[in-house]
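These notes are about the structure you will find just below.
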Amino acid sequence: MELERAVEAYLRHVALERGLSDHTVSAYRRDLAVYVGWLRARGLGAVEEVTPALVADFAGERASTEPPPASSSLARLQSSVRGLHRFLVREGRVDADPSGRLRPPKTPRRLPKALTITQIDELLDAAGPAPGSADASAAEPSAVRDRALLELLYATGARVSEIVQLDVDDTAHGDLLRVRGKGDKERVVPVGSYAQAAIEAYLTRVRPAWAAKARATPRLFLGVRGAPLSRQSAWLIIQAAAERAGLTAHVSPHTLRHSFATHLLQGGADVRVVQELLGHASVSTTQIYTHVSVDALRDVYATSHPRAR
């Protein structure tokens with residue numbers, strides 16, 4: 001089977017049957033284009049010609065490029081290659097998997113960075129005034145929207161891609177929010193009173209006027225011209241709020257997700273409850289936040305106990 005045809009068949013499989021996002025499928029496509037290009041440069045044209053030695057040579061050569069690739073990028077590349085060959089074996093296109101002995105590089109465990117509760121308050125206030133505050137009535141429409149966006153991100157721990165895909169109807173369940181996550185899996189997340197009030201202010205004061213400027217859309221968050229808010233625009237809103245709040249640490253949409261999980265665990269929430277709220281398929285993904293909480297406890301102990309040092 002021709003290399004390019006095999007790759008296209010695999011990408012259709014991961015997109016349709018496994019339900020992976022367009023972003024993930026695009027990453028697989030880029031990785032496999034590099035792999036196929038490398039094989040083509042060595043005179044190969046069909047998947048049946050690929051041997052374990054060739055796969056090992058490819059992995060070794062990619063690992064030794066200058067500058068060295070990030071271990072996470074290399075791991076994803078190797079995962080793409082293994083996924084392709086395993087798929088071809090399952091489909092009966094080839095008899096053996098030449099990538100079977102390929103072992104992914106060990107990636108360093110990066111603990112997610114969370115803001116303190118005080119920093120969260122500063123970030124939210126920098127986005128826009130709280131509903132009911134003295135400044136709320138005079139707030140710019142974009143500030144009302146921005147406050148609602150950040151309140152909802154922190155209140156739910158949802159990914160920014162999930163938040164910008166929300167429809168107005170998804171908020172029509174009182175203190176519960178319906179979120180569609182990776183693989184189009186749906187989960188229900190509670191929403192606190194602060195976020196509810198911010199969303200209500202946005203829906204009442206801002207969205208109707210903006211929605212009238214463009215074609216009708218069910219999306220919850222809109223731009224000033226009435227079009228649905230993009231991930232990139234949401235990222236810029238958070239960056240601008242962080243700068244106004246004077247937060248020197250890197251703040252991204254995921255920072256709010258990390259802070260949500262960390263603060264829940266510090267408050268005594270069970271890790272499996274946090275797993276469900278975050279939409280993690282495995283509890284092992286969520287357990288990284290328990291390390292953050294343990295580090296925080298260690299810091300408090302070191303600075304507070306008279307015989308800690």
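In the structure tokens, each chain is lettered A, B, ... as it comes, each chain's residues begin at 1, and ligands are numbered from 1 in order of appearance.
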Residue contacts of Leu39 of chain A (10 Å, only C-alpha atoms) excluding same-chain residues fewer than 2 positions away, as JSON, numbers by chain
{"A": [3, 33, 34, 35, 36, 37, 41, 42, 43, 44, 45, 46, 47, 49, 50, 54, 55, 58]}
Atoms to include: N, CA and C atoms. Write the selected residues as a compact mmCIF listing (two decimals), in the first residue's frame.
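So the final result, stored in again-v1.txt, reads:
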# COMPACT_ATOMS: atom_id res chain seq x y z
N LEU A 3 2.51 4.76 0.68
CA LEU A 3 2.68 5.43 1.97
C LEU A 3 1.63 6.51 2.21
N ALA A 33 3.79 13.44 7.81
CA ALA A 33 4.38 14.00 6.60
C ALA A 33 5.91 13.99 6.70
N VAL A 34 6.42 14.29 7.89
CA VAL A 34 7.87 14.22 8.11
C VAL A 34 8.36 12.79 7.95
N TYR A 35 7.63 11.86 8.52
CA TYR A 35 7.99 10.43 8.45
C TYR A 35 7.97 9.91 7.02
N VAL A 36 6.91 10.20 6.29
CA VAL A 36 6.81 9.74 4.90
C VAL A 36 7.89 10.39 4.04
N GLY A 37 8.15 11.68 4.27
CA GLY A 37 9.21 12.35 3.52
C GLY A 37 10.56 11.70 3.75
N ALA A 41 12.73 9.73 0.88
CA ALA A 41 14.11 10.12 0.57
C ALA A 41 15.04 8.92 0.53
N ARG A 42 14.63 7.81 1.10
CA ARG A 42 15.42 6.57 1.09
C ARG A 42 14.90 5.55 0.08
N GLY A 43 14.06 6.04 -0.82
CA GLY A 43 13.61 5.20 -1.93
C GLY A 43 12.42 4.32 -1.64
N LEU A 44 11.76 4.48 -0.50
CA LEU A 44 10.61 3.64 -0.17
C LEU A 44 9.33 4.29 -0.68
N GLY A 45 8.39 3.44 -1.12
CA GLY A 45 7.13 3.96 -1.60
C GLY A 45 5.92 3.28 -1.01
N ALA A 46 6.11 2.14 -0.34
CA ALA A 46 4.99 1.37 0.19
C ALA A 46 5.24 1.00 1.64
N VAL A 47 4.16 0.85 2.40
CA VAL A 47 4.29 0.54 3.82
C VAL A 47 4.89 -0.85 4.04
N GLU A 49 7.38 -2.05 2.76
CA GLU A 49 8.85 -1.98 2.69
C GLU A 49 9.49 -1.48 3.98
N VAL A 50 8.68 -0.98 4.90
CA VAL A 50 9.23 -0.40 6.14
C VAL A 50 9.65 -1.53 7.08
N LEU A 54 14.54 0.57 9.91
CA LEU A 54 14.27 1.89 9.35
C LEU A 54 13.55 2.77 10.37
N VAL A 55 12.58 2.21 11.06
CA VAL A 55 11.86 2.99 12.07
C VAL A 55 12.81 3.45 13.17
N PHE A 58 14.97 6.25 11.87
CA PHE A 58 14.21 7.51 11.79
C PHE A 58 14.11 8.15 13.18
Could you find all residues in segment 121-286 of chain A that DSSP calls helix (DSSP H, G or I) from the backbone, and write them as a short mmCIF file (atom, residue, chain, number, x, y, z; two decimals) with C-alpha atoms, in the first residue's frame?
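Output saved as result07.cif:
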data_model
loop_
_atom_site.label_atom_id
_atom_site.label_comp_id
_atom_site.auth_asym_id
_atom_site.auth_seq_id
_atom_site.Cartn_x
_atom_site.Cartn_y
_atom_site.Cartn_z
CA ASP A 121 -9.31 38.02 42.21
CA GLU A 122 -6.88 40.56 40.76
CA LEU A 123 -7.11 38.97 37.31
CA LEU A 124 -10.92 38.95 37.34
CA ASP A 125 -11.11 42.57 38.51
CA ALA A 126 -8.68 43.58 35.76
CA ALA A 127 -10.93 41.94 33.16
CA ALA A 136 -20.57 47.80 37.02
CA SER A 137 -23.20 50.14 35.56
CA ALA A 138 -20.57 52.26 33.76
CA PRO A 141 -19.61 46.20 27.01
CA SER A 142 -16.35 44.39 26.26
CA ALA A 143 -15.39 44.54 29.95
CA VAL A 144 -18.71 42.93 30.90
CA ARG A 145 -18.05 40.16 28.36
CA ASP A 146 -14.45 39.70 29.47
CA ARG A 147 -15.42 39.41 33.13
CA ALA A 148 -18.04 36.78 32.26
CA LEU A 149 -15.52 34.83 30.16
CA LEU A 150 -12.87 34.71 32.88
CA GLU A 151 -15.38 34.01 35.65
CA LEU A 152 -16.71 31.04 33.68
CA LEU A 153 -13.25 29.68 32.87
CA TYR A 154 -12.25 29.75 36.54
CA ALA A 155 -15.63 28.59 37.85
CA THR A 156 -15.74 25.48 35.64
CA VAL A 160 -10.90 27.65 26.45
CA SER A 161 -11.84 25.67 23.34
CA GLU A 162 -14.82 24.27 25.27
CA ILE A 163 -15.91 27.68 26.52
CA VAL A 164 -15.86 29.40 23.12
CA VAL A 168 -26.52 30.21 25.00
CA ASP A 169 -28.75 27.18 25.62
CA ASP A 170 -25.89 25.43 27.42
CA THR A 171 -26.26 27.96 30.25
CA LYS A 182 -12.53 16.13 23.68
CA GLY A 183 -13.99 13.46 21.44
CA ASP A 184 -17.33 15.34 21.66
CA SER A 193 -23.02 32.30 41.85
CA TYR A 194 -20.24 34.73 40.84
CA ALA A 195 -19.99 33.28 37.34
CA GLN A 196 -23.77 33.02 37.05
CA ALA A 197 -24.13 36.72 37.86
CA ALA A 198 -21.42 37.68 35.35
CA ILE A 199 -23.03 35.60 32.60
CA GLU A 200 -26.45 37.08 33.35
CA ALA A 201 -25.04 40.62 33.13
CA TYR A 202 -23.40 39.82 29.79
CA LEU A 203 -26.54 38.17 28.35
CA THR A 204 -28.73 41.05 29.46
CA ARG A 205 -26.58 44.09 28.74
CA ARG A 207 -24.94 40.09 23.83
CA PRO A 208 -28.30 41.21 22.33
CA ALA A 209 -26.79 44.37 20.80
CA TRP A 210 -23.73 42.54 19.47
CA ALA A 211 -25.79 39.63 18.10
CA ARG A 231 -9.83 30.78 20.91
CA GLN A 232 -7.18 33.29 19.88
CA SER A 233 -9.36 36.24 20.91
CA ALA A 234 -10.09 34.62 24.27
CA TRP A 235 -6.35 34.10 24.80
CA LEU A 236 -5.67 37.78 24.05
CA ILE A 237 -8.42 38.85 26.48
CA ILE A 238 -6.77 36.85 29.27
CA GLN A 239 -3.31 38.17 28.41
CA ALA A 240 -4.55 41.76 28.47
CA ALA A 241 -6.24 41.23 31.85
CA ALA A 242 -3.06 39.66 33.26
CA GLU A 243 -1.00 42.65 32.12
CA ARG A 244 -3.45 45.12 33.70
CA ALA A 245 -3.37 43.08 36.91
CA PRO A 253 -6.36 30.09 29.48
CA HIS A 254 -4.95 26.85 30.89
CA THR A 255 -3.65 28.76 33.92
CA LEU A 256 -7.26 29.24 35.01
CA ARG A 257 -7.93 25.53 34.51
CA HIS A 258 -4.87 24.66 36.58
CA SER A 259 -5.93 27.11 39.29
CA PHE A 260 -9.46 25.66 39.35
CA ALA A 261 -8.15 22.13 39.94
CA THR A 262 -5.48 23.16 42.46
CA HIS A 263 -7.85 25.27 44.56
CA LEU A 264 -10.46 22.51 44.63
CA LEU A 265 -7.92 19.97 45.89
CA GLN A 266 -6.53 22.42 48.43
CA VAL A 271 -9.35 13.80 43.15
CA ARG A 272 -11.96 11.70 41.30
CA VAL A 273 -14.50 14.50 41.58
CA VAL A 274 -11.93 16.90 40.11
CA GLN A 275 -11.25 14.35 37.36
CA GLU A 276 -14.93 14.35 36.43
CA LEU A 277 -15.13 18.14 36.47
CA LEU A 278 -12.06 18.51 34.26
CA VAL A 283 -7.45 9.86 37.06
CA SER A 284 -3.67 9.67 36.58
CA THR A 285 -3.90 12.88 34.50
CA THR A 286 -5.66 14.64 37.37
#
Two-atom distance - atom CA of Ala6 of chain A, atom CA of Ser71 of chain A (Å):
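Rounded to one decimal, the two atoms are 26.3 Å apart.
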Given only C-alpha atoms as the counted atoms, nearest of A:Val14, A:Gly279, A:Gln78, A:Pro69 to Arg178 of chain A:
A:Gly279
DSSP on the backbone, strand (DSSP E) only: what residues of segment 121-216 of chain A does that give? Format it as a PDB file with N, CA, C and O atoms, in the first residue's frame.
ATOM      1  N   LEU A 176     -25.874  24.692  36.561  1.00  0.00           N
ATOM      2  CA  LEU A 176     -25.165  23.625  35.859  1.00  0.00           C
ATOM      3  C   LEU A 176     -24.865  24.065  34.427  1.00  0.00           C
ATOM      4  O   LEU A 176     -25.683  24.719  33.783  1.00  0.00           O
ATOM      5  N   LEU A 177     -23.687  23.682  33.954  1.00  0.00           N
ATOM      6  CA  LEU A 177     -23.267  24.033  32.600  1.00  0.00           C
ATOM      7  C   LEU A 177     -22.982  22.755  31.825  1.00  0.00           C
ATOM      8  O   LEU A 177     -22.292  21.863  32.318  1.00  0.00           O
ATOM      9  N   ARG A 178     -23.511  22.667  30.620  1.00  0.00           N
ATOM     10  CA  ARG A 178     -23.262  21.512  29.769  1.00  0.00           C
ATOM     11  C   ARG A 178     -22.055  21.820  28.883  1.00  0.00           C
ATOM     12  O   ARG A 178     -22.067  22.775  28.110  1.00  0.00           O
ATOM     13  N   VAL A 179     -21.006  21.004  29.013  1.00  0.00           N
ATOM     14  CA  VAL A 179     -19.751  21.237  28.316  1.00  0.00           C
ATOM     15  C   VAL A 179     -19.460  20.050  27.402  1.00  0.00           C
ATOM     16  O   VAL A 179     -19.575  18.896  27.812  1.00  0.00           O
ATOM     17  N   ARG A 180     -19.074  20.353  26.165  1.00  0.00           N
ATOM     18  CA  ARG A 180     -18.664  19.311  25.225  1.00  0.00           C
ATOM     19  C   ARG A 180     -17.142  19.319  25.126  1.00  0.00           C
ATOM     20  O   ARG A 180     -16.552  20.291  24.660  1.00  0.00           O
ATOM     21  N   GLU A 186     -19.662  14.756  26.424  1.00  0.00           N
ATOM     22  CA  GLU A 186     -20.373  15.800  27.151  1.00  0.00           C
ATOM     23  C   GLU A 186     -20.302  15.561  28.655  1.00  0.00           C
ATOM     24  O   GLU A 186     -20.370  14.418  29.114  1.00  0.00           O
ATOM     25  N   ARG A 187     -20.123  16.625  29.401  1.00  0.00           N
ATOM     26  CA  ARG A 187     -20.147  16.530  30.858  1.00  0.00           C
ATOM     27  C   ARG A 187     -20.900  17.727  31.413  1.00  0.00           C
ATOM     28  O   ARG A 187     -21.047  18.748  30.737  1.00  0.00           O
ATOM     29  N   VAL A 188     -21.372  17.594  32.622  1.00  0.00           N
ATOM     30  CA  VAL A 188     -22.100  18.671  33.290  1.00  0.00           C
ATOM     31  C   VAL A 188     -21.255  19.183  34.450  1.00  0.00           C
ATOM     32  O   VAL A 188     -20.771  18.396  35.271  1.00  0.00           O
ATOM     33  N   VAL A 189     -21.054  20.484  34.501  1.00  0.00           N
ATOM     34  CA  VAL A 189     -20.185  21.105  35.509  1.00  0.00           C
ATOM     35  C   VAL A 189     -20.984  22.149  36.281  1.00  0.00           C
ATOM     36  O   VAL A 189     -21.701  22.959  35.673  1.00  0.00           O
ATOM     37  N   PRO A 190     -20.903  22.158  37.617  1.00  0.00           N
ATOM     38  CA  PRO A 190     -21.574  23.212  38.394  1.00  0.00           C
ATOM     39  C   PRO A 190     -20.956  24.582  38.125  1.00  0.00           C
ATOM     40  O   PRO A 190     -19.772  24.698  37.807  1.00  0.00           O
TER      41      PRO A 190
END
Atom-to-atom span, atom CA of Ala227 of chain A and atom CA of Ala214 of chain A, Å
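Atom CA of Ala214 of chain A lies 6.5 Å from atom CA of Ala227 of chain A.
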Between atom CA of Asp22 of chain A and atom CA of His85 of chain A, measure the distance and give it in Å to one decimal.
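Atom CA of His85 of chain A lies 20.9 Å from atom CA of Asp22 of chain A.
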